[in-house]
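J.: Structure below; questions to follow.
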Amino acid sequence: MSWGSSEAFFAMGGYALYVWGSYSVAAACILTELWLLRRRRRTLERALSRRNGDRGSDRASGKT
Amino acid sequence: MRLKVWRYASPPAFYRLAGNLAPWFLGLATLLAAAGLYIGFFVAPTDFQQGESYRIIFVHVPAAWMSMFLYIVMAFWCVIGLVFNTRSSFMMALALAPTGAMFTFIALWTGALWGKPTWGTWWVWDARLTSELILLFLYIGFLSLHAAIDDTRRADRSAALLALVGVINVPIIYFSVQWWSTLHQGASVSLTRAPTMAATMLVGMLIMSLAAWMYAIGVSLLRVRTIMLERESDADWVRELKAEQL
């Protein structure tokens, strides 16, 4: 499949809106999923390390 | 040897296994997607009926397949969870649902953008499209029901029951194009007939489907790890994890 020019490629034979509309939204969905998961993970990691850190300092200072 | 697989039903073992495997699946997904997109856009020929609009197939069909397949896998883990009472199984089901919902949305969205130039309409209330929309509601319903019940064990079991009842929708989606008259075309690929498409189109579509599959596994494994830490944050094995092991 040879497109000849990049204009021809991006024009998608007149179907640019439909083809690129499909691929861009699919890519956005995947990136959003990964971003949300990363955010959820980061929040949890911060909470856990804060807690584990507290516990560690408690133990060090003999409060437990 | 026989008991070895059960070891991974315990969250700490499964947590480590998932963490080791996830990057491989995501890396493989990236490579496969790059190859599939290359074939889809630069090797596969223009369709003689649909022109270039058919290139939506390389994202639409893999997303639609994954939307149904992930539901089956989710329901499978729900059955395992209900029968064997394994915590990890329910967590796995819960980890799959958002990815399944995302693929269902992509299938519907790309279907609408494909329907407009080929059928002249974004949407029709026919059997295939409506049952796929119901699938999206089932995923959302599963997640909502789970989120609405505070007691985790009850939430797991209730949502699992909902998922099991909803399984009936999957064969309805798949066979809808045979059972009812619909705008949607029949299956282009089936186990019993030769595919009705050019070989390079088929190869591109199958590679993209593999990419979607590997992505779904990778991202679900990452999510199940997060769910495990959230749920078992008071368990000894989580307390013993050092920051770099999280």
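Ordering of the structure tokens sets the chain letters (A, B, ...); residue numbers start at 1 within each chain; ligands are numbered from 1 in the order shown.
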Within 9 Å of Leu221 of chain B, counting only C-alpha atoms, which residues qualify if same-chain residues fewer than 2 places away don't, as a VMD selection string?
T.: chain B and resid 15 18 to 19 21 to 22 92 95 to 96 216 to 219 223 to 226
J.: Dump C-alpha atoms for the selected residues as a compact mmCIF listing (two decimals), in the first residue's frame?
T.:
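What landed in out-v5.txt:
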```
# COMPACT_ATOMS: atom_id res chain seq x y z
CA TYR B 15 1.11 -9.97 43.85
CA ALA B 18 1.62 -10.13 38.57
CA GLY B 19 4.32 -7.53 39.12
CA LEU B 21 4.63 -10.45 34.36
CA ALA B 22 2.85 -7.13 33.70
CA MET B 92 -9.03 -10.37 39.39
CA ALA B 95 -9.46 -5.64 37.91
CA LEU B 96 -10.76 -6.78 34.53
CA ALA B 216 -5.66 -6.21 28.66
CA ILE B 217 -3.61 -8.82 30.54
CA GLY B 218 -0.84 -6.34 31.39
CA VAL B 219 -3.08 -3.55 32.61
CA ARG B 223 -4.69 -3.06 38.53
CA VAL B 224 -5.08 -6.27 40.51
CA ARG B 225 -1.85 -5.42 42.35
CA THR B 226 -3.25 -2.07 43.33
```
J.: Pull out every residue of chain B that has at least one atom within 10 Å of chain A, counting only C-alpha atoms, and report them as an MDAnalysis selection string.
T.: chainID B and resid 39:46 50:60 63 98:99 102:103 105:107 109:117 215 219:220 222:223 225:227 229:230 233:234 238:243 246
J.: Go ahead and compute the interatomic distance for atom CA of Val79 of chain B and atom CA of His146 of chain B, in Å to one decimal.
T.: 15.8 Å
J.: Calculate how many Å separate atom CA of Asn169 of chain B from atom CA of Thr104 of chain B, rounding to one decimal.
T.: 13.1 Å
J.: Using only C-alpha atoms for the distances, tell me which of B:Phe76, B:Trp65, B:Trp119, B:Phe48 is nearest to Gln185 of chain B.
T.: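 Counting only C-alpha atoms, the residue closest to Gln185 of chain B is B:Trp119.
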J.: Give me the residues within 9 Å of Phe175 of chain B as an MDAnalysis selection string, counting only C-alpha atoms and dropping any in the same chain fewer than 5 places off.
T.: chainID B and resid 128 170 180 186
J.: If DSSP is run on the backbone, what residues of chain A are alpha helix (DSSP H)? A reply as a short mmCIF file (atom, residue, chain, number, x, y, z; two decimals) with N, CA and C atoms, in the first residue's frame would be ideal.
T.:
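File written: states-v7.cif
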```cif
data_model
loop_
_atom_site.label_atom_id
_atom_site.label_comp_id
_atom_site.auth_asym_id
_atom_site.auth_seq_id
_atom_site.Cartn_x
_atom_site.Cartn_y
_atom_site.Cartn_z
N SER A 6 2.19 12.35 2.26
CA SER A 6 1.64 12.32 3.62
C SER A 6 0.25 12.98 3.64
N GLU A 7 -0.01 13.93 2.72
CA GLU A 7 -1.36 14.53 2.65
C GLU A 7 -2.37 13.44 2.33
N ALA A 8 -2.02 12.59 1.38
CA ALA A 8 -2.95 11.51 0.99
C ALA A 8 -3.19 10.57 2.16
N PHE A 9 -2.11 10.32 2.92
CA PHE A 9 -2.25 9.44 4.08
C PHE A 9 -3.20 10.04 5.10
N PHE A 10 -2.98 11.31 5.44
CA PHE A 10 -3.83 11.92 6.46
C PHE A 10 -5.25 12.16 5.98
N ALA A 11 -5.44 12.29 4.65
CA ALA A 11 -6.79 12.50 4.12
C ALA A 11 -7.61 11.21 4.15
N ALA A 16 -11.04 10.89 6.63
CA ALA A 16 -10.14 11.27 7.72
C ALA A 16 -10.88 11.38 9.06
N LEU A 17 -12.03 12.06 9.06
CA LEU A 17 -12.78 12.26 10.30
C LEU A 17 -13.10 10.92 10.98
N TYR A 18 -13.54 9.96 10.18
CA TYR A 18 -13.98 8.68 10.74
C TYR A 18 -12.79 7.83 11.18
N VAL A 19 -11.79 7.74 10.31
CA VAL A 19 -10.63 6.89 10.65
C VAL A 19 -9.85 7.48 11.82
N TRP A 20 -9.47 8.76 11.71
CA TRP A 20 -8.67 9.36 12.78
C TRP A 20 -9.50 9.59 14.03
N GLY A 21 -10.79 9.83 13.85
CA GLY A 21 -11.68 9.95 15.01
C GLY A 21 -11.72 8.64 15.80
N SER A 22 -11.64 7.52 15.10
CA SER A 22 -11.64 6.21 15.77
C SER A 22 -10.34 5.99 16.51
N TYR A 23 -9.23 6.18 15.79
CA TYR A 23 -7.93 5.86 16.39
C TYR A 23 -7.55 6.83 17.50
N SER A 24 -7.89 8.12 17.34
CA SER A 24 -7.50 9.08 18.37
C SER A 24 -8.28 8.82 19.66
N VAL A 25 -9.58 8.52 19.55
CA VAL A 25 -10.36 8.28 20.77
C VAL A 25 -9.92 6.97 21.43
N ALA A 26 -9.62 5.96 20.61
CA ALA A 26 -9.13 4.69 21.19
C ALA A 26 -7.83 4.93 21.94
N ALA A 27 -6.91 5.68 21.33
CA ALA A 27 -5.64 5.97 21.99
C ALA A 27 -5.87 6.78 23.26
N ALA A 28 -6.79 7.75 23.20
CA ALA A 28 -7.08 8.56 24.38
C ALA A 28 -7.64 7.70 25.51
N CYS A 29 -8.49 6.75 25.17
CA CYS A 29 -9.07 5.85 26.18
C CYS A 29 -7.97 5.06 26.88
N ILE A 30 -7.05 4.51 26.09
CA ILE A 30 -5.99 3.69 26.66
C ILE A 30 -5.08 4.54 27.55
N LEU A 31 -4.72 5.73 27.06
CA LEU A 31 -3.84 6.60 27.85
C LEU A 31 -4.54 7.04 29.14
N THR A 32 -5.84 7.32 29.05
CA THR A 32 -6.59 7.72 30.24
C THR A 32 -6.63 6.57 31.25
N GLU A 33 -6.85 5.36 30.75
CA GLU A 33 -6.90 4.21 31.67
C GLU A 33 -5.56 4.06 32.40
N LEU A 34 -4.47 4.16 31.63
CA LEU A 34 -3.15 4.01 32.24
C LEU A 34 -2.87 5.14 33.23
N TRP A 35 -3.32 6.35 32.89
CA TRP A 35 -3.08 7.49 33.76
C TRP A 35 -3.87 7.36 35.07
N LEU A 36 -5.16 6.96 34.95
CA LEU A 36 -5.99 6.79 36.15
C LEU A 36 -5.42 5.71 37.06
N LEU A 37 -4.94 4.63 36.44
CA LEU A 37 -4.38 3.54 37.22
C LEU A 37 -3.12 3.99 37.95
N ARG A 38 -2.28 4.76 37.26
CA ARG A 38 -1.04 5.26 37.84
C ARG A 38 -1.35 6.19 39.01
N ARG A 39 -2.40 7.02 38.84
CA ARG A 39 -2.77 7.96 39.89
C ARG A 39 -3.26 7.22 41.14
N ARG A 40 -4.12 6.21 40.87
CA ARG A 40 -4.64 5.40 41.97
C ARG A 40 -3.50 4.73 42.74
N ARG A 41 -2.54 4.23 41.98
CA ARG A 41 -1.38 3.54 42.53
C ARG A 41 -0.51 4.49 43.37
N ARG A 42 -0.28 5.69 42.81
CA ARG A 42 0.56 6.67 43.51
C ARG A 42 -0.06 7.09 44.83
N THR A 43 -1.38 7.34 44.81
CA THR A 43 -2.08 7.73 46.02
C THR A 43 -1.92 6.66 47.09
N LEU A 44 -2.10 5.41 46.67
CA LEU A 44 -2.00 4.29 47.60
C LEU A 44 -0.57 4.16 48.15
N GLU A 45 0.41 4.29 47.25
CA GLU A 45 1.80 4.14 47.69
C GLU A 45 2.16 5.21 48.71
N ARG A 46 1.67 6.44 48.46
CA ARG A 46 1.97 7.51 49.42
C ARG A 46 1.38 7.19 50.78
N ALA A 47 0.10 6.73 50.77
CA ALA A 47 -0.57 6.40 52.03
C ALA A 47 0.17 5.28 52.75
N LEU A 48 0.57 4.26 52.02
CA LEU A 48 1.23 3.12 52.65
C LEU A 48 2.60 3.48 53.19
N SER A 49 3.36 4.26 52.42
CA SER A 49 4.71 4.56 52.88
C SER A 49 4.65 5.53 54.06
N ARG A 50 3.62 6.41 54.08
CA ARG A 50 3.46 7.30 55.22
C ARG A 50 3.19 6.46 56.47
N ARG A 51 2.27 5.50 56.31
CA ARG A 51 1.90 4.67 57.45
C ARG A 51 3.08 3.81 57.92
N ASN A 52 3.71 3.12 56.94
CA ASN A 52 4.84 2.26 57.30
C ASN A 52 5.98 3.09 57.88
N GLY A 53 6.14 4.31 57.37
CA GLY A 53 7.17 5.19 57.89
C GLY A 53 6.88 5.57 59.33
N ASP A 54 5.60 5.91 59.61
CA ASP A 54 5.19 6.26 60.97
C ASP A 54 5.49 5.12 61.94
N ARG A 55 5.09 3.91 61.46
CA ARG A 55 5.28 2.75 62.30
C ARG A 55 6.76 2.56 62.62
N GLY A 56 7.57 2.77 61.56
CA GLY A 56 9.01 2.61 61.76
C GLY A 56 9.55 3.58 62.79
N SER A 57 9.11 4.85 62.74
CA SER A 57 9.63 5.84 63.67
C SER A 57 9.10 5.59 65.09
N ASP A 58 7.82 5.07 65.13
CA ASP A 58 7.27 4.73 66.44
C ASP A 58 8.17 3.69 67.13
N ARG A 59 8.50 2.68 66.30
CA ARG A 59 9.29 1.60 66.84
C ARG A 59 10.67 2.12 67.28
N ALA A 60 11.22 2.97 66.46
CA ALA A 60 12.56 3.49 66.76
C ALA A 60 12.54 4.29 68.08
#
```
J.: Which residue is closest to Leu164 of chain B? Choose from B:Met201, B:Leu82, B:Val61, B:Met228 and count only C-alpha atoms.
T.: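 Closest to Leu164 of chain B of all the choices is B:Leu82.
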J.: Would you work out the distance separating atom CA of Leu202 of chain B from atom CA of Ala75 of chain B, expressed in Å to one decimal?
T.: 28.9 Å
